[in-house]
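Have a look at work-v6.txt; it's compact mmCIF, C-alpha atoms:
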# COMPACT_ATOMS: atom_id res chain seq x y z
CA MET A 4 223.20 116.51 -221.98
CA ASN A 5 221.97 114.63 -218.92
CA THR A 6 223.85 114.30 -215.64
CA ARG A 7 225.17 110.81 -216.41
CA ILE A 8 226.57 111.81 -219.82
CA ALA A 9 228.02 115.01 -218.41
CA ALA A 10 229.77 113.06 -215.65
CA CYS A 11 231.24 110.59 -218.14
CA ALA A 12 232.37 113.41 -220.43
CA ALA A 13 234.14 115.15 -217.57
CA LEU A 14 235.84 111.93 -216.54
CA LEU A 15 236.90 111.35 -220.15
CA ILE A 16 238.67 114.73 -220.27
CA VAL A 17 240.49 114.05 -216.98
CA THR A 18 241.38 110.51 -218.06
CA VAL A 19 242.76 111.55 -221.47
CA ALA A 20 244.89 114.26 -219.86
CA THR A 21 246.26 111.80 -217.30
CA MET A 22 246.98 109.06 -219.82
CA THR A 23 248.64 111.52 -222.23
CA ALA A 24 251.07 112.49 -219.50
CA CYS A 25 251.72 109.00 -218.08
CA SER A 26 251.02 106.33 -220.73
CA SER A 27 253.68 104.43 -222.57
CA GLU A 28 253.57 102.25 -225.65
CA GLY A 29 251.38 99.20 -225.34
CA GLU A 30 247.83 97.97 -225.61
CA PRO A 31 244.92 100.42 -225.41
CA LYS A 32 243.86 100.96 -221.83
CA THR A 33 240.20 100.56 -220.87
CA ILE A 34 238.82 102.45 -217.92
CA ARG A 35 235.41 101.60 -216.43
CA VAL A 36 233.65 104.43 -214.64
CA THR A 37 230.67 103.70 -212.38
CA VAL A 38 228.06 106.43 -212.01
CA THR A 39 225.54 105.81 -209.23
CA GLN A 40 222.23 107.66 -209.17
CA THR A 41 220.03 107.82 -206.08
CA VAL A 42 216.35 108.46 -206.69
CA THR A 43 214.88 111.02 -204.31
CA ALA A 44 211.33 112.21 -203.88
CA PRO A 45 210.28 115.64 -205.20
CA PRO A 46 209.89 118.03 -202.24
CA ALA A 47 206.21 118.76 -202.92
CA ALA A 48 204.89 115.79 -204.88
CA GLU A 49 201.11 115.40 -204.64
CA ALA A 50 199.08 112.22 -204.85
CA SER A 51 196.44 111.73 -207.50
CA LYS A 52 193.21 110.46 -205.95
CA LYS A 53 192.66 108.18 -208.94
CA GLN A 54 196.24 106.98 -209.34
CA ASP A 55 196.57 103.28 -210.09
CA GLY A 56 199.15 101.28 -208.17
CA PRO A 57 201.51 102.59 -205.48
CA LEU A 58 202.28 106.27 -205.04
CA ASN A 59 205.69 107.79 -205.63
CA LEU A 60 207.77 108.58 -202.57
CA GLY A 61 206.91 112.08 -201.45
CA ALA A 62 203.29 111.94 -202.57
CA LYS A 63 200.59 112.84 -200.04
CA ALA A 64 197.58 110.64 -199.37
CA ASP A 65 194.42 111.57 -197.47
CA VAL A 66 193.05 109.39 -194.68
CA ASP A 67 189.37 109.69 -193.69
CA ASP A 68 188.00 107.20 -191.16
CA ASP A 69 184.41 108.45 -191.71
CA THR A 70 183.68 108.64 -187.98
CA THR A 71 181.87 111.27 -185.95
CA PRO A 72 183.59 113.56 -185.13
CA ARG A 73 185.45 113.10 -188.40
CA LEU A 74 189.14 112.18 -188.32
CA LEU A 75 191.09 113.59 -191.26
CA ALA A 76 194.81 113.20 -191.90
CA SER A 77 197.39 113.42 -194.65
CA VAL A 78 200.27 110.93 -194.72
CA GLN A 79 203.53 110.84 -196.66
CA ALA A 80 206.37 108.39 -197.11
CA LEU A 81 209.24 110.74 -197.93
CA GLY A 82 212.28 108.50 -198.30
CA TYR A 83 213.90 105.12 -197.73
CA THR A 84 217.52 104.37 -196.78
CA GLN A 85 219.22 100.94 -196.89
CA PRO A 86 221.55 100.19 -195.23
CA LEU A 87 221.84 102.49 -192.24
CA LYS A 88 225.34 103.38 -191.10
CA ASN A 89 226.65 103.71 -187.55
CA ILE A 90 224.20 101.24 -186.07
CA GLY A 91 224.79 97.68 -184.89
CA ALA A 92 223.27 94.67 -186.65
CA PRO A 93 219.79 93.50 -185.61
CA THR A 94 219.56 90.67 -183.11
CA ASP A 95 218.58 87.17 -184.22
CA SER A 96 215.14 87.62 -182.70
CA GLN A 97 214.54 90.81 -184.71
CA GLY A 98 215.35 89.20 -188.05
CA GLY A 99 217.33 90.69 -190.93
CA ASP A 100 221.06 91.34 -190.94
CA ILE A 101 221.09 95.12 -191.50
CA TRP A 102 218.93 98.09 -190.57
CA ALA A 103 216.98 100.28 -192.99
CA ALA A 104 214.83 103.34 -192.32
CA ALA A 105 211.86 105.16 -193.79
CA ASP A 106 211.19 108.87 -193.38
CA VAL A 107 207.45 109.55 -192.86
CA ARG A 108 205.10 112.39 -191.96
CA VAL A 109 201.52 112.49 -190.67
CA CYS A 110 199.47 115.70 -190.45
CA ASN A 111 196.16 116.33 -188.69
CA ALA A 112 193.86 117.92 -191.28
CA GLY A 113 190.70 117.61 -189.17
CA THR A 114 189.25 119.12 -186.04
CA VAL A 115 189.89 116.39 -183.44
CA ASP A 116 193.04 115.01 -181.84
CA PHE A 117 194.35 111.59 -182.85
CA SER A 118 197.31 109.38 -181.91
CA VAL A 119 200.10 108.18 -184.21
CA SER A 120 202.69 105.42 -183.86
CA GLN A 121 205.15 103.43 -185.95
CA PHE A 122 203.05 100.26 -185.98
CA PRO A 123 200.78 100.99 -189.00
CA TRP A 124 203.86 101.29 -191.27
CA HIS A 125 205.49 98.20 -192.82
CA LEU A 126 207.59 97.06 -195.79
CA THR A 127 206.53 94.55 -198.45
CA TYR A 128 208.67 92.58 -200.91
CA VAL A 129 208.03 91.12 -204.35
CA ASP A 130 208.02 87.61 -202.88
CA GLY A 131 205.25 88.53 -200.42
CA THR A 132 207.47 89.04 -197.36
CA ASN A 133 206.30 91.71 -194.90
CA ILE A 134 208.58 93.39 -192.38
CA GLU A 135 207.10 95.33 -189.48
CA VAL A 136 208.65 97.57 -186.85
CA THR A 137 210.32 95.91 -183.87
CA GLY A 138 209.09 98.37 -181.25
CA SER A 139 212.70 99.29 -180.45
CA SER A 140 213.43 102.96 -179.80
CA GLY A 141 216.17 105.16 -178.44
CA GLY A 142 219.82 104.12 -178.47
CA ASP A 143 221.24 103.89 -182.00
CA MET A 144 217.88 104.12 -183.77
CA PRO A 145 217.94 106.76 -186.55
CA LYS A 146 217.08 110.28 -185.47
CA PRO A 147 214.71 111.97 -185.35
CA GLU A 148 212.54 108.97 -184.56
CA PHE A 149 208.91 108.81 -185.54
CA PRO A 150 207.11 108.49 -182.18
CA MET A 151 205.79 105.19 -180.85
CA ASP A 152 202.80 106.97 -179.33
CA ARG A 153 202.00 110.65 -179.81
CA VAL A 154 198.84 112.77 -179.88
CA VAL A 155 198.62 115.12 -182.88
CA SER A 156 196.39 118.18 -182.52
CA PRO A 157 194.48 119.72 -185.45
CA GLY A 158 196.77 121.64 -187.79
CA ASN A 159 199.94 119.94 -186.50
CA CYS A 160 202.26 117.36 -188.10
CA VAL A 161 204.66 114.68 -186.88
CA ARG A 162 207.67 113.58 -188.92
CA GLY A 163 210.46 111.12 -188.20
CA LYS A 164 212.29 107.95 -189.16
CA ILE A 165 211.18 104.35 -188.65
CA ALA A 166 213.81 101.59 -188.50
CA TYR A 167 213.38 98.07 -189.90
CA PRO A 168 215.60 94.97 -189.60
CA VAL A 169 215.92 93.86 -193.24
CA PRO A 170 217.88 91.30 -195.28
CA SER A 171 220.84 92.85 -197.09
CA SER A 172 220.35 90.53 -200.07
CA LYS A 173 217.17 92.22 -201.31
CA ARG A 174 215.27 95.47 -201.29
CA PRO A 175 211.58 96.03 -200.47
CA GLU A 176 209.20 96.87 -203.27
CA ARG A 177 206.68 98.98 -201.34
CA PHE A 178 206.15 100.96 -198.17
CA VAL A 179 202.67 100.51 -196.69
CA TYR A 180 200.59 102.57 -194.26
CA GLU A 181 197.76 100.44 -192.89
CA PRO A 182 196.10 101.66 -189.69
CA GLU A 183 193.39 99.41 -188.30
CA GLY A 184 190.07 99.74 -190.10
CA THR A 185 191.34 101.68 -193.13
CA LYS A 186 192.40 100.75 -196.65
CA PRO A 187 196.20 100.34 -197.09
CA ILE A 188 198.12 103.17 -198.75
CA GLU A 189 201.25 102.14 -200.67
CA TRP A 190 204.34 103.94 -201.96
CA ALA A 191 206.79 102.38 -204.42
CA ILE A 192 210.39 102.15 -203.21
CA PRO A 193 212.67 102.86 -206.19
CA THR A 194 215.81 100.85 -206.81
CA PRO A 195 219.00 102.98 -207.05
CA LEU A 196 220.14 103.10 -210.66
CA THR A 197 223.72 102.23 -211.57
CA SER A 198 225.08 102.65 -215.08
CA TRP A 199 228.48 102.35 -216.71
CA CYS A 200 230.39 104.08 -219.47
CA VAL A 201 233.54 102.47 -220.87
CA ILE A 202 236.37 104.73 -222.00
CA ALA A 203 239.12 103.31 -224.22
CA VAL A 204 242.39 105.28 -224.23
CA GLU A 205 245.08 104.58 -226.80
CA GLY A 206 248.44 104.21 -225.07

Show how you would write the structure in this file as structure tokens.
Amino acid sequence: MNTRIAACAALLIVTVATMTACSSEGEPKTIRVTVTQTVTAPPAAEASKKQDGPLNLGAKADVDDDTTPRLLASVQALGYTQPLKNIGAPTDSQGGDIWAAADVRVCNAGTVDFSVSQFPWHLTYVDGTNIEVTGSSGGDMPKPEFPMDRVVSPGNCVRGKIAYPVPSSKRPERFVYEPEGTKPIEWAIPTPLTSWCVIAVEG
């Protein structure tokens, strides 16, 4: 029995008990129960080097800029939250009417220092819309923030959240990492699943 069926079965037991105690003669009563599922990334999902299409959230991807000395990194998009709570609406100049955030990590797998920032990360939509970071930091921005400019030494990682002003009427399809001079890396942003079970109780 999966989680959704188990949840509906448990609600059915509670509902029948309640209706047995409180119902009176009349038409059968119909109760609609909404079960919301949020898709989360596996804690240690690995990317396939030959995978077609976008990666799953949580998957690692290797970045190699083929320079001398060689810069090697691993990057991950770990999660996406829309909308953010406890933060004011974006300004008109920022676009969007709500804030969303991505949780990302970059690790230095090479032997030389490199710098990271929020700017290579952006959202894309089915209709072709792209939303980039605003450059805003501090204040109500989600914590911990991914740095705007930070040097990462070999063997170290940086993780944090990046905020985006997005439209509440739609959800992005992909999260993209595209530093200058490298091929874009994409992760699919899953849509939360909502399903219903209808329980009819004879009164």

Distance in Å - CA of Lys63 (chain A) versus CA of Arg108 (chain A):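 For CA of Lys63 (chain A) relative to CA of Arg108 (chain A), the distance reads 9.3 Å.
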
Contacts of Val66 (chain A) at 12 Å (all atoms listed in the file; same-chain gap of 3+ positions) as an MDAnalysis selection string: chainID A and resid 52 63 69:70 73:79 109:113 180:188

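With CA of Lys173 (chain A) on one side and CA of Asp55 (chain A) on the other, the separation reads 25.0 Å.
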
Top pick for closest residue to Ala103 (chain A), considering A:Ala166, A:Val179, A:Leu60, A:Ile90 and counting all atoms listed in the file: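 Using all atoms listed in the file, Ala103 (chain A) sits closest to A:Ala166.
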
Test item: residues at most 9 Å from region 116-121 of chain A, all atoms listed in the file, excluding those fewer than 5 positions along its chain, as a PDB file with C-alpha atoms, keeping the file's coordinate frame:
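Ended up saving to selection_25.pdb:
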ATOM      1  CA  LEU A  74     189.140 112.180-188.320  1.00  0.00           C
ATOM      2  CA  VAL A 109     201.520 112.490-190.670  1.00  0.00           C
ATOM      3  CA  ASN A 111     196.160 116.330-188.690  1.00  0.00           C
ATOM      4  CA  VAL A 136     208.650  97.570-186.850  1.00  0.00           C
ATOM      5  CA  GLY A 138     209.090  98.370-181.250  1.00  0.00           C
ATOM      6  CA  PHE A 149     208.910 108.810-185.540  1.00  0.00           C
ATOM      7  CA  PRO A 150     207.110 108.490-182.180  1.00  0.00           C
ATOM      8  CA  MET A 151     205.790 105.190-180.850  1.00  0.00           C
ATOM      9  CA  ASP A 152     202.800 106.970-179.330  1.00  0.00           C
ATOM     10  CA  ARG A 153     202.000 110.650-179.810  1.00  0.00           C
ATOM     11  CA  VAL A 154     198.840 112.770-179.880  1.00  0.00           C
ATOM     12  CA  VAL A 155     198.620 115.120-182.880  1.00  0.00           C
ATOM     13  CA  SER A 156     196.390 118.180-182.520  1.00  0.00           C
ATOM     14  CA  PRO A 157     194.480 119.720-185.450  1.00  0.00           C
ATOM     15  CA  VAL A 161     204.660 114.680-186.880  1.00  0.00           C
ATOM     16  CA  ILE A 165     211.180 104.350-188.650  1.00  0.00           C
TER      17      ILE A 165
END

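Between CA of Cys160 (chain A) and CA of Arg177 (chain A) the interatomic distance comes to 23.1 Å.
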
Among listed residues A:Gly56, A:Gly91, A:Pro175, A:Pro123, nearest Pro193 (chain A) (using all atoms listed in the file): A:Pro175

Spatial neighbours of Asn89 (chain A), 12 Å, all atoms listed in the file, chain gap at least 2 places, as a list in words: Pro86, Leu87, Gly91, Ala92, Ile101, Trp102, Ala103, Gly142, Asp143, Met144, Pro145 and Lys146 of chain A

Nearest to Leu81 (chain A), chosen from A:Gly141, A:Pro93, A:Gly61, A:Pro147, with all atoms listed in the file counted in the distances: A:Gly61

Of the listed residues A:Leu58, A:Ala104, A:Val169, A:Val115, that which approaches Ile134 (chain A) most closely, counting all atoms listed in the file: A:Val169

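Neighbourhood of point (207.6, 87.0, -203.2): residues with an atom at most 12 Å away, counting all atoms listed in the file, are Thr127, Tyr128, Val129, Asp130, Gly131, Thr132, Asn133, Lys173, Arg174, Pro175 and Glu176 of chain A.
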
Quick one: 8 Å padding each side, axis-aligned, all listed atoms of region 129-148 of chain A - centre and edge lengths in Å to one decimal, as AutoDock Vina command-line options?
--center_x 213.2 --center_y 99.8 --center_z -191.4 --size_x 32.0 --size_y 40.4 --size_z 41.9

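Using all atoms listed in the file, the smallest distance between any of A:Pro168, A:Gly98, A:Pro195, A:Pro72 and Leu126 (chain A) comes from A:Pro168.
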
Saved region 136-162 of chain A from the preceding structure, N, CA, C and O atoms, as an mmCIF file, in the first residue's frame:
data_model
loop_
_atom_site.group_PDB
_atom_site.id
_atom_site.type_symbol
_atom_site.label_atom_id
_atom_site.label_comp_id
_atom_site.auth_asym_id
_atom_site.auth_seq_id
_atom_site.Cartn_x
_atom_site.Cartn_y
_atom_site.Cartn_z
ATOM 1 N N VAL A 136 19.060 36.055 -11.225
ATOM 2 C CA VAL A 136 19.123 36.631 -9.878
ATOM 3 C C VAL A 136 19.086 38.156 -9.968
ATOM 4 O O VAL A 136 19.474 38.739 -10.987
ATOM 5 N N THR A 137 18.645 38.788 -8.907
ATOM 6 C CA THR A 137 18.539 40.249 -8.888
ATOM 7 C C THR A 137 19.807 40.917 -8.380
ATOM 8 O O THR A 137 19.999 42.118 -8.568
ATOM 9 N N GLY A 138 20.661 40.151 -7.708
ATOM 10 C CA GLY A 138 21.839 40.748 -7.074
ATOM 11 C C GLY A 138 21.550 41.220 -5.662
ATOM 12 O O GLY A 138 22.451 41.692 -4.969
ATOM 13 N N SER A 139 20.288 41.076 -5.223
ATOM 14 C CA SER A 139 19.930 41.472 -3.856
ATOM 15 C C SER A 139 20.474 40.450 -2.859
ATOM 16 O O SER A 139 20.513 39.243 -3.139
ATOM 17 N N SER A 140 20.872 40.918 -1.705
ATOM 18 C CA SER A 140 21.361 40.019 -0.659
ATOM 19 C C SER A 140 21.086 40.645 0.696
ATOM 20 O O SER A 140 20.762 41.824 0.809
ATOM 21 N N GLY A 141 21.206 39.827 1.731
ATOM 22 C CA GLY A 141 20.954 40.319 3.084
ATOM 23 C C GLY A 141 19.467 40.513 3.332
ATOM 24 O O GLY A 141 18.612 40.059 2.564
ATOM 25 N N GLY A 142 19.126 41.213 4.375
ATOM 26 C CA GLY A 142 17.728 41.492 4.692
ATOM 27 C C GLY A 142 16.909 40.227 4.848
ATOM 28 O O GLY A 142 17.276 39.323 5.601
ATOM 29 N N ASP A 143 15.782 40.157 4.087
ATOM 30 C CA ASP A 143 14.869 39.023 4.195
ATOM 31 C C ASP A 143 15.221 37.869 3.261
ATOM 32 O O ASP A 143 14.493 36.882 3.198
ATOM 33 N N MET A 144 16.294 37.981 2.506
ATOM 34 C CA MET A 144 16.647 36.908 1.582
ATOM 35 C C MET A 144 16.822 35.586 2.341
ATOM 36 O O MET A 144 17.263 35.582 3.494
ATOM 37 N N PRO A 145 16.440 34.461 1.728
ATOM 38 C CA PRO A 145 16.472 33.176 2.446
ATOM 39 C C PRO A 145 17.886 32.816 2.896
ATOM 40 O O PRO A 145 18.859 33.069 2.194
ATOM 41 N N LYS A 146 17.954 32.248 4.085
ATOM 42 C CA LYS A 146 19.238 31.897 4.688
ATOM 43 C C LYS A 146 19.393 30.370 4.762
ATOM 44 O O LYS A 146 18.404 29.662 4.922
ATOM 45 N N PRO A 147 20.629 29.870 4.682
ATOM 46 C CA PRO A 147 21.846 30.627 4.371
ATOM 47 C C PRO A 147 21.892 30.992 2.896
ATOM 48 O O PRO A 147 21.480 30.209 2.043
ATOM 49 N N GLU A 148 22.395 32.177 2.595
ATOM 50 C CA GLU A 148 22.484 32.611 1.213
ATOM 51 C C GLU A 148 23.703 32.008 0.513
ATOM 52 O O GLU A 148 24.768 31.895 1.114
ATOM 53 N N PHE A 149 23.508 31.644 -0.758
ATOM 54 C CA PHE A 149 24.673 31.306 -1.567
ATOM 55 C C PHE A 149 25.413 32.608 -1.824
ATOM 56 O O PHE A 149 24.802 33.629 -2.140
ATOM 57 N N PRO A 150 26.748 32.619 -1.688
ATOM 58 C CA PRO A 150 27.476 33.896 -1.753
ATOM 59 C C PRO A 150 27.421 34.552 -3.123
ATOM 60 O O PRO A 150 27.296 33.885 -4.154
ATOM 61 N N MET A 151 27.526 35.877 -3.137
ATOM 62 C CA MET A 151 27.603 36.626 -4.385
ATOM 63 C C MET A 151 29.019 36.610 -4.947
ATOM 64 O O MET A 151 29.227 36.775 -6.146
ATOM 65 N N ASP A 152 30.007 36.407 -4.079
ATOM 66 C CA ASP A 152 31.394 36.336 -4.539
ATOM 67 C C ASP A 152 32.215 35.663 -3.443
ATOM 68 O O ASP A 152 32.408 36.230 -2.371
ATOM 69 N N ARG A 153 32.692 34.461 -3.724
ATOM 70 C CA ARG A 153 33.438 33.718 -2.705
ATOM 71 C C ARG A 153 34.490 32.842 -3.374
ATOM 72 O O ARG A 153 34.207 32.190 -4.385
ATOM 73 N N VAL A 154 35.680 32.796 -2.808
ATOM 74 C CA VAL A 154 36.741 31.923 -3.296
ATOM 75 C C VAL A 154 36.603 30.562 -2.614
ATOM 76 O O VAL A 154 36.448 30.487 -1.391
ATOM 77 N N VAL A 155 36.650 29.503 -3.413
ATOM 78 C CA VAL A 155 36.539 28.137 -2.895
ATOM 79 C C VAL A 155 37.873 27.431 -3.112
ATOM 80 O O VAL A 155 38.342 27.299 -4.250
ATOM 81 N N SER A 156 38.486 26.994 -2.032
ATOM 82 C CA SER A 156 39.779 26.310 -2.103
ATOM 83 C C SER A 156 39.588 24.836 -2.450
ATOM 84 O O SER A 156 38.503 24.271 -2.237
ATOM 85 N N PRO A 157 40.614 24.172 -2.973
ATOM 86 C CA PRO A 157 40.512 22.748 -3.305
ATOM 87 C C PRO A 157 40.027 21.916 -2.121
ATOM 88 O O PRO A 157 40.482 22.095 -0.988
ATOM 89 N N GLY A 158 39.084 21.023 -2.394
ATOM 90 C CA GLY A 158 38.544 20.155 -1.356
ATOM 91 C C GLY A 158 37.398 20.751 -0.566
ATOM 92 O O GLY A 158 36.774 20.054 0.247
ATOM 93 N N ASN A 159 37.082 22.032 -0.774
ATOM 94 C CA ASN A 159 36.007 22.693 -0.032
ATOM 95 C C ASN A 159 34.752 22.862 -0.888
ATOM 96 O O ASN A 159 34.805 22.813 -2.121
ATOM 97 N N CYS A 160 33.615 23.087 -0.214
ATOM 98 C CA CYS A 160 32.326 23.270 -0.876
ATOM 99 C C CYS A 160 31.643 24.524 -0.351
ATOM 100 O O CYS A 160 31.922 24.975 0.768
ATOM 101 N N VAL A 161 30.747 25.064 -1.153
ATOM 102 C CA VAL A 161 29.894 26.178 -0.746
ATOM 103 C C VAL A 161 28.457 25.797 -1.064
ATOM 104 O O VAL A 161 28.158 25.339 -2.178
ATOM 105 N N ARG A 162 27.577 25.974 -0.094
ATOM 106 C CA ARG A 162 26.153 25.664 -0.287
ATOM 107 C C ARG A 162 25.311 26.808 0.246
ATOM 108 O O ARG A 162 25.654 27.444 1.244
#
